[in-house]
>>> print(open('work_29.txt').read())   # compact mmCIF, C-alpha atoms and all ligand atoms
# COMPACT_ATOMS: atom_id res chain seq x y z
CA MET J 1 -48.03 -42.32 63.41
CA LYS J 2 -48.90 -38.83 62.20
CA LYS J 3 -46.51 -37.17 59.80
CA GLU J 4 -44.79 -34.14 61.21
CA PHE J 5 -43.48 -31.17 59.26
CA VAL J 6 -41.95 -27.79 59.92
CA VAL J 7 -42.76 -24.91 57.58
CA ILE J 8 -40.54 -21.82 57.86
CA GLY J 9 -41.84 -18.63 56.24
CA LEU J 10 -45.60 -18.10 56.15
CA GLY J 11 -46.00 -16.05 52.96
CA ARG J 12 -48.30 -17.13 50.15
CA PHE J 13 -46.26 -20.24 49.29
CA GLY J 14 -45.38 -21.41 52.81
CA GLY J 15 -48.87 -20.53 54.02
CA SER J 16 -50.57 -22.65 51.40
CA ILE J 17 -48.25 -25.57 52.22
CA VAL J 18 -49.23 -25.33 55.89
CA LYS J 19 -52.94 -25.31 55.07
CA GLU J 20 -52.71 -28.26 52.69
CA LEU J 21 -50.56 -30.38 55.03
CA VAL J 22 -53.05 -29.80 57.85
CA ARG J 23 -55.93 -30.66 55.51
CA LEU J 24 -54.14 -33.92 54.64
CA GLY J 25 -53.91 -34.78 58.33
CA ALA J 26 -50.29 -33.90 59.14
CA ASP J 27 -48.94 -32.13 62.21
CA VAL J 28 -47.30 -28.84 61.27
CA LEU J 29 -45.04 -26.55 63.23
CA ALA J 30 -45.31 -23.17 61.46
CA ILE J 31 -42.57 -20.60 61.99
CA ASP J 32 -42.16 -16.99 60.94
CA SER J 33 -40.22 -14.02 62.29
CA ASN J 34 -43.26 -11.82 61.71
CA GLN J 35 -45.78 -11.69 64.55
CA GLU J 36 -48.80 -11.01 62.32
CA ARG J 37 -48.09 -13.99 60.10
CA VAL J 38 -47.72 -16.23 63.15
CA ASP J 39 -51.00 -14.95 64.61
CA GLU J 40 -52.73 -15.69 61.32
CA PHE J 41 -51.60 -19.34 61.49
CA ALA J 42 -52.11 -19.88 65.24
CA LYS J 43 -55.50 -21.52 64.65
CA ILE J 44 -54.53 -23.34 61.45
CA ALA J 45 -51.19 -25.03 62.24
CA THR J 46 -50.69 -27.57 65.03
CA GLN J 47 -48.33 -25.03 66.55
CA ALA J 48 -47.26 -21.59 65.31
CA VAL J 49 -44.24 -19.85 66.78
CA ILE J 50 -42.39 -16.64 66.18
CA ALA J 51 -38.67 -17.15 65.60
CA ASP J 52 -35.83 -15.92 63.43
CA THR J 53 -34.47 -19.10 61.91
CA THR J 54 -31.08 -17.55 61.15
CA ASP J 55 -30.51 -17.63 64.91
CA GLU J 56 -28.98 -21.04 65.63
CA ALA J 57 -29.85 -20.98 69.33
CA ALA J 58 -33.50 -20.26 68.51
CA ILE J 59 -33.63 -23.17 66.08
CA LYS J 60 -32.07 -25.53 68.59
CA SER J 61 -34.54 -24.55 71.30
CA LEU J 62 -37.47 -25.42 69.00
CA GLY J 63 -36.24 -28.98 68.53
CA ILE J 64 -36.60 -28.75 64.74
CA ARG J 65 -34.06 -31.53 64.16
CA ASN J 66 -36.57 -34.08 65.44
CA PHE J 67 -38.97 -33.45 62.56
CA GLU J 68 -38.78 -35.65 59.48
CA HIS J 69 -39.19 -32.89 56.92
CA VAL J 70 -38.60 -29.15 56.97
CA ILE J 71 -39.85 -26.78 54.25
CA ILE J 72 -38.07 -23.45 53.97
CA ALA J 73 -40.43 -21.04 52.22
CA ILE J 74 -38.58 -17.81 52.90
CA GLY J 75 -39.27 -15.79 49.78
CA GLU J 76 -37.40 -12.66 48.93
CA ASN J 77 -34.73 -12.74 51.58
CA ILE J 78 -32.26 -15.08 49.89
CA GLN J 79 -29.62 -14.63 52.56
CA ASN J 80 -32.02 -15.76 55.30
CA SER J 81 -33.09 -18.72 53.19
CA ILE J 82 -29.48 -19.83 52.66
CA LEU J 83 -28.47 -19.33 56.28
CA THR J 84 -31.50 -21.22 57.55
CA THR J 85 -30.75 -24.12 55.18
CA LEU J 86 -27.13 -24.21 56.31
CA ILE J 87 -28.01 -24.26 60.00
CA LEU J 88 -30.65 -26.96 59.62
CA LYS J 89 -28.37 -29.15 57.51
CA ASP J 90 -25.59 -28.76 60.12
CA LEU J 91 -28.04 -29.81 62.81
CA GLY J 92 -28.69 -33.01 60.86
CA VAL J 93 -32.25 -32.47 59.60
CA LYS J 94 -32.80 -35.33 57.13
CA GLN J 95 -35.08 -33.82 54.51
CA ILE J 96 -35.10 -30.15 53.65
CA THR J 97 -37.16 -28.67 50.83
CA VAL J 98 -36.33 -25.08 49.93
CA LYS J 99 -38.08 -22.61 47.66
CA ALA J 100 -35.61 -21.00 45.27
CA GLN J 101 -36.07 -17.46 44.10
CA ASN J 102 -33.88 -17.83 41.00
CA ASP J 103 -31.31 -20.18 39.43
CA TYR J 104 -28.31 -18.80 41.35
CA HIS J 105 -30.17 -19.24 44.61
CA ALA J 106 -31.01 -22.82 43.57
CA ARG J 107 -27.36 -23.60 42.80
CA VAL J 108 -26.22 -22.37 46.20
CA LEU J 109 -28.96 -24.35 47.93
CA GLU J 110 -27.94 -27.54 46.15
CA LYS J 111 -24.26 -26.98 47.06
CA ILE J 112 -25.02 -26.60 50.75
CA GLY J 113 -27.09 -29.77 50.85
CA ALA J 114 -30.75 -28.84 50.36
CA ASP J 115 -32.47 -32.14 49.55
CA PHE J 116 -35.19 -30.73 47.29
CA VAL J 117 -35.15 -27.33 45.62
CA VAL J 118 -38.44 -26.08 44.20
CA HIS J 119 -39.18 -23.19 41.82
CA PRO J 120 -42.93 -22.66 42.20
CA GLU J 121 -43.27 -19.49 40.13
CA ARG J 122 -41.10 -20.79 37.29
CA ASP J 123 -42.84 -24.18 37.23
CA MET J 124 -46.31 -22.68 37.36
CA GLY J 125 -45.38 -20.34 34.50
CA ILE J 126 -44.23 -23.31 32.39
CA ARG J 127 -47.39 -25.22 33.25
CA ILE J 128 -49.72 -22.37 32.36
CA ALA J 129 -47.88 -21.73 29.07
CA ASN J 130 -48.22 -25.42 28.18
CA ASN J 131 -51.92 -25.37 28.97
CA MET J 132 -52.40 -22.26 26.87
CA MET J 133 -50.67 -23.82 23.87
CA SER J 134 -52.84 -26.89 23.84
CA SER J 135 -56.39 -26.88 25.05
CA ASN J 136 -56.32 -30.68 25.18
CA VAL J 137 -53.48 -30.86 27.71
CA LEU J 138 -55.12 -30.39 31.09
CA ASP J 139 -52.17 -30.87 33.38
CA TYR J 140 -48.72 -32.34 33.50
CA LEU J 141 -46.08 -33.59 35.87
CA GLU J 142 -42.45 -33.14 34.89
CA LEU J 143 -40.49 -36.36 35.47
CA SER J 144 -37.17 -35.07 34.13
CA ASP J 145 -36.04 -32.30 31.80
CA GLU J 146 -37.36 -34.30 28.87
CA HIS J 147 -40.09 -36.60 30.21
CA SER J 148 -43.52 -36.01 31.65
CA ILE J 149 -46.85 -37.50 32.54
CA MET J 150 -49.61 -35.48 30.86
CA GLU J 151 -53.35 -35.45 31.22
CA ILE J 152 -54.84 -35.19 27.75
CA LYS J 153 -58.52 -34.83 27.00
CA ALA J 154 -59.77 -37.24 24.35
CA ASN J 155 -61.45 -35.51 21.41
CA ASP J 156 -63.74 -36.93 18.74
CA ARG J 157 -60.80 -37.97 16.56
CA ILE J 158 -59.68 -40.67 18.96
CA ALA J 159 -62.95 -41.36 20.81
CA GLY J 160 -64.51 -44.65 19.79
CA HIS J 161 -61.14 -46.25 19.06
CA SER J 162 -59.44 -48.82 21.26
CA LEU J 163 -55.85 -48.40 22.40
CA ILE J 164 -54.78 -51.16 20.06
CA ASP J 165 -56.51 -49.45 17.09
CA LEU J 166 -54.65 -46.26 17.80
CA ASP J 167 -51.35 -48.09 18.27
CA ILE J 168 -49.99 -45.15 20.22
CA ARG J 169 -47.04 -46.97 21.74
CA ALA J 170 -45.65 -48.10 18.38
CA LYS J 171 -46.44 -44.86 16.54
CA TYR J 172 -45.32 -42.35 19.14
CA GLY J 173 -43.30 -44.30 21.72
CA ILE J 174 -45.57 -43.17 24.55
CA ASN J 175 -47.77 -45.13 26.95
CA ILE J 176 -51.27 -44.57 28.26
CA VAL J 177 -50.99 -45.58 31.91
CA GLY J 178 -54.49 -44.62 32.97
CA ILE J 179 -57.83 -43.29 31.76
CA LYS J 180 -59.91 -40.95 33.89
CA ARG J 181 -63.59 -41.40 33.11
CA GLY J 182 -65.83 -39.19 35.21
CA GLU J 183 -65.27 -40.17 38.82
CA ASN J 184 -63.48 -43.41 37.88
CA ILE J 185 -59.94 -44.13 36.87
CA ILE J 186 -58.87 -47.15 34.86
CA ILE J 187 -55.28 -47.94 35.77
CA SER J 188 -53.16 -49.75 33.15
CA PRO J 189 -56.02 -49.99 30.65
CA ALA J 190 -56.19 -53.15 28.54
CA ALA J 191 -55.31 -52.90 24.84
CA ASP J 192 -58.96 -53.39 23.80
CA GLU J 193 -60.24 -50.59 26.08
CA LYS J 194 -62.29 -48.15 23.97
CA ILE J 195 -61.68 -44.47 24.51
CA LEU J 196 -64.83 -42.42 25.08
CA LEU J 197 -65.35 -38.75 24.28
CA GLY J 198 -64.34 -36.69 27.31
CA ASP J 199 -62.02 -39.36 28.75
CA VAL J 200 -58.80 -37.95 30.17
CA LEU J 201 -55.76 -39.97 29.12
CA LEU J 202 -52.78 -40.18 31.45
CA VAL J 203 -49.87 -40.37 29.07
CA ILE J 204 -46.24 -40.98 30.00
CA GLY J 205 -43.27 -40.45 27.70
CA ALA J 206 -40.75 -38.04 26.24
CA ASP J 207 -42.16 -34.51 25.87
CA VAL J 208 -41.36 -34.42 22.15
CA ASP J 209 -43.25 -37.68 21.58
CA ILE J 210 -46.26 -36.64 23.63
CA ASN J 211 -46.41 -33.30 21.79
CA ARG J 212 -46.19 -35.13 18.46
CA PHE J 213 -49.15 -37.28 19.54
CA VAL J 214 -51.17 -34.25 20.65
CA LYS J 215 -50.49 -32.41 17.37
CA LYS J 216 -51.05 -35.33 15.01
CA ALA J 217 -53.72 -37.44 16.63
CA MET J 218 -55.83 -34.84 18.32
P1 LIG J 301 -44.14 -15.52 49.29
O1 LIG J 301 -43.49 -15.05 48.03
O2 LIG J 301 -44.30 -17.02 49.35
O3 LIG J 301 -45.41 -14.79 49.67
P2 LIG J 301 -42.75 -13.94 51.29
O4 LIG J 301 -41.40 -13.44 50.93
O5 LIG J 301 -43.89 -12.96 51.29
O6 LIG J 301 -43.06 -15.22 50.42
O7 LIG J 301 -42.75 -14.61 52.73
C1 LIG J 301 -41.66 -15.13 53.33
C2 LIG J 301 -41.90 -15.20 54.83
O8 LIG J 301 -40.68 -15.62 55.42
C3 LIG J 301 -42.28 -13.86 55.45
O9 LIG J 301 -43.48 -13.99 56.19
C4 LIG J 301 -41.08 -13.55 56.35
O10 LIG J 301 -41.47 -12.92 57.57
C5 LIG J 301 -40.50 -14.93 56.62
N1 LIG J 301 -39.07 -14.89 56.98
C6 LIG J 301 -38.09 -14.23 56.33
N2 LIG J 301 -36.92 -14.40 56.95
C7 LIG J 301 -37.17 -15.19 58.04
C8 LIG J 301 -36.36 -15.72 59.08
N3 LIG J 301 -35.05 -15.49 59.17
N4 LIG J 301 -36.94 -16.50 60.03
C9 LIG J 301 -38.27 -16.76 59.97
N5 LIG J 301 -39.08 -16.29 59.02
C10 LIG J 301 -38.54 -15.52 58.05
>>> encode(input="work_29.txt", output="structure tokens", more="lines below")
Ligand code: ADP
Amino acid sequence: MKKEFVVIGLGRFGGSIVKELVRLGADVLAIDSNQERVDEFAKIATQAVIADTTDEAAIKSLGIRNFEHVIIAIGENIQNSILTTLILKDLGVKQITVKAQNDYHARVLEKIGADFVVHPERDMGIRIANNMMSSNVLDYLELSDEHSIMEIKANDRIAGHSLIDLDIRAKYGINIVGIKRGENIIISPAADEKILLGDVLLVIGADVDINRFVKKAM
């Protein structure tokens, strides 16, 4: 069965979610109160409708509660974002992801039952700053406040050595869970796997330990 999503708010963030979900093969009902935005997405989304989602009757008539996941990407208008979340939660929508504008907005959203709260601008800022600080760290995924998975480019200091030679787990308390080599990926590499120059290591662990590894070994 095809996955079905509702995206409310078709600004830059909501709009890019719609496009990517469609590209990944999902059905998307795209909603905005602005006619021009809806027109823009008429050909992209499975269905695009104009509606004010702070109007409970309008939401009910669209049958939004039958969708498995709703994304609320209303940007600047925090009141509309909160009201929409409240109405959808009351209607019994199971999974609601909401974009938060700031920390206070996020706290309110969590209190009223938003299932996932995202901070795209804040997170992207953190990511870019991390990338700027270390040219070897290509990307990272935050697992908790203190743990991440990072993609680290192997330099000539570690290239040519096997994982067991480097003894990364014992020295730094982190694990290499995969190695990207060109088009291929080696999942759970064996201890005798030799690292090649240009390999991208997928490292999991505490941020402090990964940073220690990047500073010392690379
Ligand atoms: P971004 O920062 O992601 O570009 P914007 O603030 O530009 O976000 O976009 C938010 C969108 O949400 C706008 O297109 C706006 O028309 C829409 N929106 C705001 N309030 C409502 C509402 N009550 N119902 C439906 N859409 C709304």
>>> atom_distance(input="work_29.txt", atom1="atom O1 of ligand LIG 301 (chain J)", atom2="CA of Asn131 (chain J)")
23.3 Å
>>> closest_atom_pairs(input="work_29.txt", of="chain J", to="ligand LIG 301 (chain J)", cutoff="9 Å", atoms="all atoms listed in the file", output="JSON lines")
{"residue": "J:Ile8", "atom": "CA", "partner": "J:LIG301", "partner_atom": "N5", "distance": 5.8}
{"residue": "J:Gly9", "atom": "CA", "partner": "J:LIG301", "partner_atom": "O8", "distance": 3.3}
{"residue": "J:Leu10", "atom": "CA", "partner": "J:LIG301", "partner_atom": "O9", "distance": 4.6}
{"residue": "J:Gly11", "atom": "CA", "partner": "J:LIG301", "partner_atom": "O7", "distance": 3.6}
{"residue": "J:Arg12", "atom": "CA", "partner": "J:LIG301", "partner_atom": "O3", "distance": 3.7}
{"residue": "J:Phe13", "atom": "CA", "partner": "J:LIG301", "partner_atom": "O2", "distance": 3.8}
{"residue": "J:Gly14", "atom": "CA", "partner": "J:LIG301", "partner_atom": "O2", "distance": 5.7}
{"residue": "J:Gly15", "atom": "CA", "partner": "J:LIG301", "partner_atom": "O2", "distance": 7.4}
{"residue": "J:Ser16", "atom": "CA", "partner": "J:LIG301", "partner_atom": "O2", "distance": 8.7}
{"residue": "J:Ile31", "atom": "CA", "partner": "J:LIG301", "partner_atom": "C9", "distance": 6.1}
{"residue": "J:Asp32", "atom": "CA", "partner": "J:LIG301", "partner_atom": "N5", "distance": 3.7}
{"residue": "J:Ser33", "atom": "CA", "partner": "J:LIG301", "partner_atom": "C9", "distance": 4.1}
{"residue": "J:Asn34", "atom": "CA", "partner": "J:LIG301", "partner_atom": "O10", "distance": 4.6}
{"residue": "J:Gln35", "atom": "CA", "partner": "J:LIG301", "partner_atom": "O10", "distance": 8.3}
{"residue": "J:Glu36", "atom": "CA", "partner": "J:LIG301", "partner_atom": "O9", "distance": 8.6}
{"residue": "J:Arg37", "atom": "CA", "partner": "J:LIG301", "partner_atom": "O9", "distance": 6.0}
{"residue": "J:Val38", "atom": "CA", "partner": "J:LIG301", "partner_atom": "O9", "distance": 8.5}
{"residue": "J:Ile50", "atom": "CA", "partner": "J:LIG301", "partner_atom": "C9", "distance": 7.5}
{"residue": "J:Ala51", "atom": "CA", "partner": "J:LIG301", "partner_atom": "C9", "distance": 5.7}
{"residue": "J:Asp52", "atom": "CA", "partner": "J:LIG301", "partner_atom": "N4", "distance": 3.6}
{"residue": "J:Thr53", "atom": "CA", "partner": "J:LIG301", "partner_atom": "N4", "distance": 4.0}
{"residue": "J:Thr54", "atom": "CA", "partner": "J:LIG301", "partner_atom": "N3", "distance": 4.9}
{"residue": "J:Asp55", "atom": "CA", "partner": "J:LIG301", "partner_atom": "N3", "distance": 7.6}
{"residue": "J:Ile72", "atom": "CA", "partner": "J:LIG301", "partner_atom": "O8", "distance": 8.4}
{"residue": "J:Ala73", "atom": "CA", "partner": "J:LIG301", "partner_atom": "C1", "distance": 6.1}
{"residue": "J:Ile74", "atom": "CA", "partner": "J:LIG301", "partner_atom": "O8", "distance": 3.9}
{"residue": "J:Gly75", "atom": "CA", "partner": "J:LIG301", "partner_atom": "O4", "distance": 3.4}
{"residue": "J:Glu76", "atom": "CA", "partner": "J:LIG301", "partner_atom": "O4", "distance": 4.5}
{"residue": "J:Asn77", "atom": "CA", "partner": "J:LIG301", "partner_atom": "C6", "distance": 6.0}
{"residue": "J:Ile78", "atom": "CA", "partner": "J:LIG301", "partner_atom": "N2", "distance": 8.5}
{"residue": "J:Gln79", "atom": "CA", "partner": "J:LIG301", "partner_atom": "N2", "distance": 8.5}
{"residue": "J:Asn80", "atom": "CA", "partner": "J:LIG301", "partner_atom": "N3", "distance": 4.9}
{"residue": "J:Ser81", "atom": "CA", "partner": "J:LIG301", "partner_atom": "N2", "distance": 6.9}
{"residue": "J:Leu83", "atom": "CA", "partner": "J:LIG301", "partner_atom": "N3", "distance": 8.1}
{"residue": "J:Thr84", "atom": "CA", "partner": "J:LIG301", "partner_atom": "N3", "distance": 6.9}
{"residue": "J:Lys99", "atom": "CA", "partner": "J:LIG301", "partner_atom": "O2", "distance": 8.5}
{"residue": "J:Gln101", "atom": "CA", "partner": "J:LIG301", "partner_atom": "O1", "distance": 8.7}
>>> residues_around(input="work_29.txt", residues="region 92-97 of chain J", least_positions_apart="2", cutoff="6 Å", atoms="all atoms listed in the file", output="JSON, numbers by chain")
{"J": [65, 69, 70, 71, 88, 89, 90, 114, 115, 116, 117]}
>>> write_last_selection(input="work_29.txt", atoms="C-alpha atoms", output="PDB file, keeping the file's coordinate frame")
ATOM      1  CA  ARG J  65     -34.060 -31.530  64.160  1.00  0.00           C
ATOM      2  CA  HIS J  69     -39.190 -32.890  56.920  1.00  0.00           C
ATOM      3  CA  VAL J  70     -38.600 -29.150  56.970  1.00  0.00           C
ATOM      4  CA  ILE J  71     -39.850 -26.780  54.250  1.00  0.00           C
ATOM      5  CA  LEU J  88     -30.650 -26.960  59.620  1.00  0.00           C
ATOM      6  CA  LYS J  89     -28.370 -29.150  57.510  1.00  0.00           C
ATOM      7  CA  ASP J  90     -25.590 -28.760  60.120  1.00  0.00           C
ATOM      8  CA  ALA J 114     -30.750 -28.840  50.360  1.00  0.00           C
ATOM      9  CA  ASP J 115     -32.470 -32.140  49.550  1.00  0.00           C
ATOM     10  CA  PHE J 116     -35.190 -30.730  47.290  1.00  0.00           C
ATOM     11  CA  VAL J 117     -35.150 -27.330  45.620  1.00  0.00           C
TER      12      VAL J 117
END
>>> atom_distance(input="work_29.txt", atom1="CA of Ala170 (chain J)", atom2="CA of Leu197 (chain J)")
22.6 Å
>>> closest_residue(input="work_29.txt", among="J:Ile195, J:Ile126, J:Ala57, J:Met132", to="Leu91 (chain J)", atoms="only C-alpha atoms")
J:Ala57
>>> residues_around(input="work_29.txt", residues="region 18-26 of chain J", least_positions_apart="4", cutoff="9 Å", atoms="only C-alpha atoms", output="ChimeraX atom specification")
/J:2-7,10,13-14,30,41,44-46
>>> atom_distance(input="work_29.txt", atom1="CA of Asn130 (chain J)", atom2="CA of Ser144 (chain J)")
15.8 Å
>>> axis_aligned_box(input="work_29.txt", around="region 16-19 of chain J", padding_each_side="3 Å", output="lines of an AutoDock Vina configuration file")
center_x = -50.6
center_y = -24.1
center_z = 53.6
size_x = 10.7
size_y = 8.9
size_z = 10.5
>>> closest_residue(input="work_29.txt", among="J:Ile204, J:Ala217, J:Ala154, J:Val28", to="Gly173 (chain J)", atoms="only C-alpha atoms")
J:Ile204
>>> closest_residue(input="work_29.txt", among="J:Val203, J:Leu29, J:Ala190, J:Ile158", to="Asn175 (chain J)", atoms="all atoms listed in the file")
J:Val203
>>> residues_around(input="work_29.txt", residues="Arg212 (chain J)", least_positions_apart="5", cutoff="12 Å", atoms="only C-alpha atoms", output="MDAnalysis selection string")
chainID J and resid 134 168 171:174 205:207 217:218
>>> build_atoms(input="work_29.txt", residues="region 89-118 of chain J", atoms="N, CA and C atoms", output="PDB file, keeping the file's coordinate frame")
ATOM      1  N   LYS J  89     -29.142 -28.020  58.042  1.00  0.00           N
ATOM      2  CA  LYS J  89     -28.370 -29.150  57.510  1.00  0.00           C
ATOM      3  C   LYS J  89     -27.270 -29.521  58.515  1.00  0.00           C
ATOM      4  N   ASP J  90     -26.623 -28.510  59.104  1.00  0.00           N
ATOM      5  CA  ASP J  90     -25.590 -28.760  60.120  1.00  0.00           C
ATOM      6  C   ASP J  90     -26.159 -29.482  61.333  1.00  0.00           C
ATOM      7  N   LEU J  91     -27.408 -29.169  61.651  1.00  0.00           N
ATOM      8  CA  LEU J  91     -28.040 -29.810  62.810  1.00  0.00           C
ATOM      9  C   LEU J  91     -28.441 -31.250  62.507  1.00  0.00           C
ATOM     10  N   GLY J  92     -28.402 -31.617  61.229  1.00  0.00           N
ATOM     11  CA  GLY J  92     -28.690 -33.010  60.860  1.00  0.00           C
ATOM     12  C   GLY J  92     -30.130 -33.276  60.465  1.00  0.00           C
ATOM     13  N   VAL J  93     -30.886 -32.231  60.074  1.00  0.00           N
ATOM     14  CA  VAL J  93     -32.250 -32.470  59.600  1.00  0.00           C
ATOM     15  C   VAL J  93     -32.166 -33.296  58.307  1.00  0.00           C
ATOM     16  N   LYS J  94     -32.977 -34.366  58.230  1.00  0.00           N
ATOM     17  CA  LYS J  94     -32.800 -35.330  57.130  1.00  0.00           C
ATOM     18  C   LYS J  94     -33.305 -34.817  55.782  1.00  0.00           C
ATOM     19  N   GLN J  95     -34.507 -34.245  55.794  1.00  0.00           N
ATOM     20  CA  GLN J  95     -35.080 -33.820  54.510  1.00  0.00           C
ATOM     21  C   GLN J  95     -35.450 -32.353  54.566  1.00  0.00           C
ATOM     22  N   ILE J  96     -34.809 -31.581  53.705  1.00  0.00           N
ATOM     23  CA  ILE J  96     -35.100 -30.150  53.650  1.00  0.00           C
ATOM     24  C   ILE J  96     -35.520 -29.775  52.228  1.00  0.00           C
ATOM     25  N   THR J  97     -36.687 -29.184  52.119  1.00  0.00           N
ATOM     26  CA  THR J  97     -37.160 -28.670  50.830  1.00  0.00           C
ATOM     27  C   THR J  97     -37.089 -27.151  50.894  1.00  0.00           C
ATOM     28  N   VAL J  98     -36.476 -26.537  49.895  1.00  0.00           N
ATOM     29  CA  VAL J  98     -36.330 -25.080  49.930  1.00  0.00           C
ATOM     30  C   VAL J  98     -36.876 -24.458  48.651  1.00  0.00           C
ATOM     31  N   LYS J  99     -37.590 -23.361  48.820  1.00  0.00           N
ATOM     32  CA  LYS J  99     -38.080 -22.610  47.660  1.00  0.00           C
ATOM     33  C   LYS J  99     -36.961 -21.711  47.151  1.00  0.00           C
ATOM     34  N   ALA J 100     -36.652 -21.847  45.865  1.00  0.00           N
ATOM     35  CA  ALA J 100     -35.610 -21.000  45.270  1.00  0.00           C
ATOM     36  C   ALA J 100     -36.246 -19.813  44.577  1.00  0.00           C
ATOM     37  N   GLN J 101     -35.572 -18.702  44.698  1.00  0.00           N
ATOM     38  CA  GLN J 101     -36.070 -17.460  44.100  1.00  0.00           C
ATOM     39  C   GLN J 101     -35.608 -17.328  42.652  1.00  0.00           C
ATOM     40  N   ASN J 102     -34.416 -17.876  42.373  1.00  0.00           N
ATOM     41  CA  ASN J 102     -33.880 -17.830  41.000  1.00  0.00           C
ATOM     42  C   ASN J 102     -32.838 -18.952  40.853  1.00  0.00           C
ATOM     43  N   ASP J 103     -32.233 -19.060  39.678  1.00  0.00           N
ATOM     44  CA  ASP J 103     -31.310 -20.180  39.430  1.00  0.00           C
ATOM     45  C   ASP J 103     -30.038 -20.115  40.266  1.00  0.00           C
ATOM     46  N   TYR J 104     -29.540 -18.911  40.528  1.00  0.00           N
ATOM     47  CA  TYR J 104     -28.310 -18.800  41.350  1.00  0.00           C
ATOM     48  C   TYR J 104     -28.610 -19.254  42.775  1.00  0.00           C
ATOM     49  N   HIS J 105     -29.738 -18.823  43.280  1.00  0.00           N
ATOM     50  CA  HIS J 105     -30.170 -19.240  44.610  1.00  0.00           C
ATOM     51  C   HIS J 105     -30.265 -20.769  44.653  1.00  0.00           C
ATOM     52  N   ALA J 106     -30.843 -21.358  43.625  1.00  0.00           N
ATOM     53  CA  ALA J 106     -31.010 -22.820  43.570  1.00  0.00           C
ATOM     54  C   ALA J 106     -29.653 -23.517  43.599  1.00  0.00           C
ATOM     55  N   ARG J 107     -28.686 -22.961  42.849  1.00  0.00           N
ATOM     56  CA  ARG J 107     -27.360 -23.600  42.800  1.00  0.00           C
ATOM     57  C   ARG J 107     -26.682 -23.583  44.158  1.00  0.00           C
ATOM     58  N   VAL J 108     -26.813 -22.460  44.858  1.00  0.00           N
ATOM     59  CA  VAL J 108     -26.220 -22.370  46.200  1.00  0.00           C
ATOM     60  C   VAL J 108     -26.903 -23.378  47.124  1.00  0.00           C
ATOM     61  N   LEU J 109     -28.221 -23.438  47.049  1.00  0.00           N
ATOM     62  CA  LEU J 109     -28.960 -24.350  47.930  1.00  0.00           C
ATOM     63  C   LEU J 109     -28.542 -25.806  47.704  1.00  0.00           C
ATOM     64  N   GLU J 110     -28.354 -26.167  46.443  1.00  0.00           N
ATOM     65  CA  GLU J 110     -27.940 -27.540  46.150  1.00  0.00           C
ATOM     66  C   GLU J 110     -26.541 -27.808  46.702  1.00  0.00           C
ATOM     67  N   LYS J 111     -25.639 -26.826  46.556  1.00  0.00           N
ATOM     68  CA  LYS J 111     -24.260 -26.980  47.060  1.00  0.00           C
ATOM     69  C   LYS J 111     -24.220 -27.188  48.563  1.00  0.00           C
ATOM     70  N   ILE J 112     -25.091 -26.496  49.290  1.00  0.00           N
ATOM     71  CA  ILE J 112     -25.020 -26.600  50.750  1.00  0.00           C
ATOM     72  C   ILE J 112     -25.896 -27.729  51.296  1.00  0.00           C
ATOM     73  N   GLY J 113     -26.464 -28.527  50.402  1.00  0.00           N
ATOM     74  CA  GLY J 113     -27.090 -29.770  50.850  1.00  0.00           C
ATOM     75  C   GLY J 113     -28.600 -29.784  50.949  1.00  0.00           C
ATOM     76  N   ALA J 114     -29.280 -28.785  50.369  1.00  0.00           N
ATOM     77  CA  ALA J 114     -30.750 -28.840  50.360  1.00  0.00           C
ATOM     78  C   ALA J 114     -31.167 -30.108  49.611  1.00  0.00           C
ATOM     79  N   ASP J 115     -32.115 -30.864  50.162  1.00  0.00           N
ATOM     80  CA  ASP J 115     -32.470 -32.140  49.550  1.00  0.00           C
ATOM     81  C   ASP J 115     -33.385 -31.964  48.336  1.00  0.00           C
ATOM     82  N   PHE J 116     -34.303 -31.018  48.425  1.00  0.00           N
ATOM     83  CA  PHE J 116     -35.190 -30.730  47.290  1.00  0.00           C
ATOM     84  C   PHE J 116     -35.240 -29.213  47.126  1.00  0.00           C
ATOM     85  N   VAL J 117     -35.042 -28.762  45.890  1.00  0.00           N
ATOM     86  CA  VAL J 117     -35.150 -27.330  45.620  1.00  0.00           C
ATOM     87  C   VAL J 117     -36.335 -27.148  44.684  1.00  0.00           C
ATOM     88  N   VAL J 118     -37.256 -26.278  45.054  1.00  0.00           N
ATOM     89  CA  VAL J 118     -38.440 -26.080  44.200  1.00  0.00           C
ATOM     90  C   VAL J 118     -38.485 -24.650  43.678  1.00  0.00           C
TER      91      VAL J 118
END
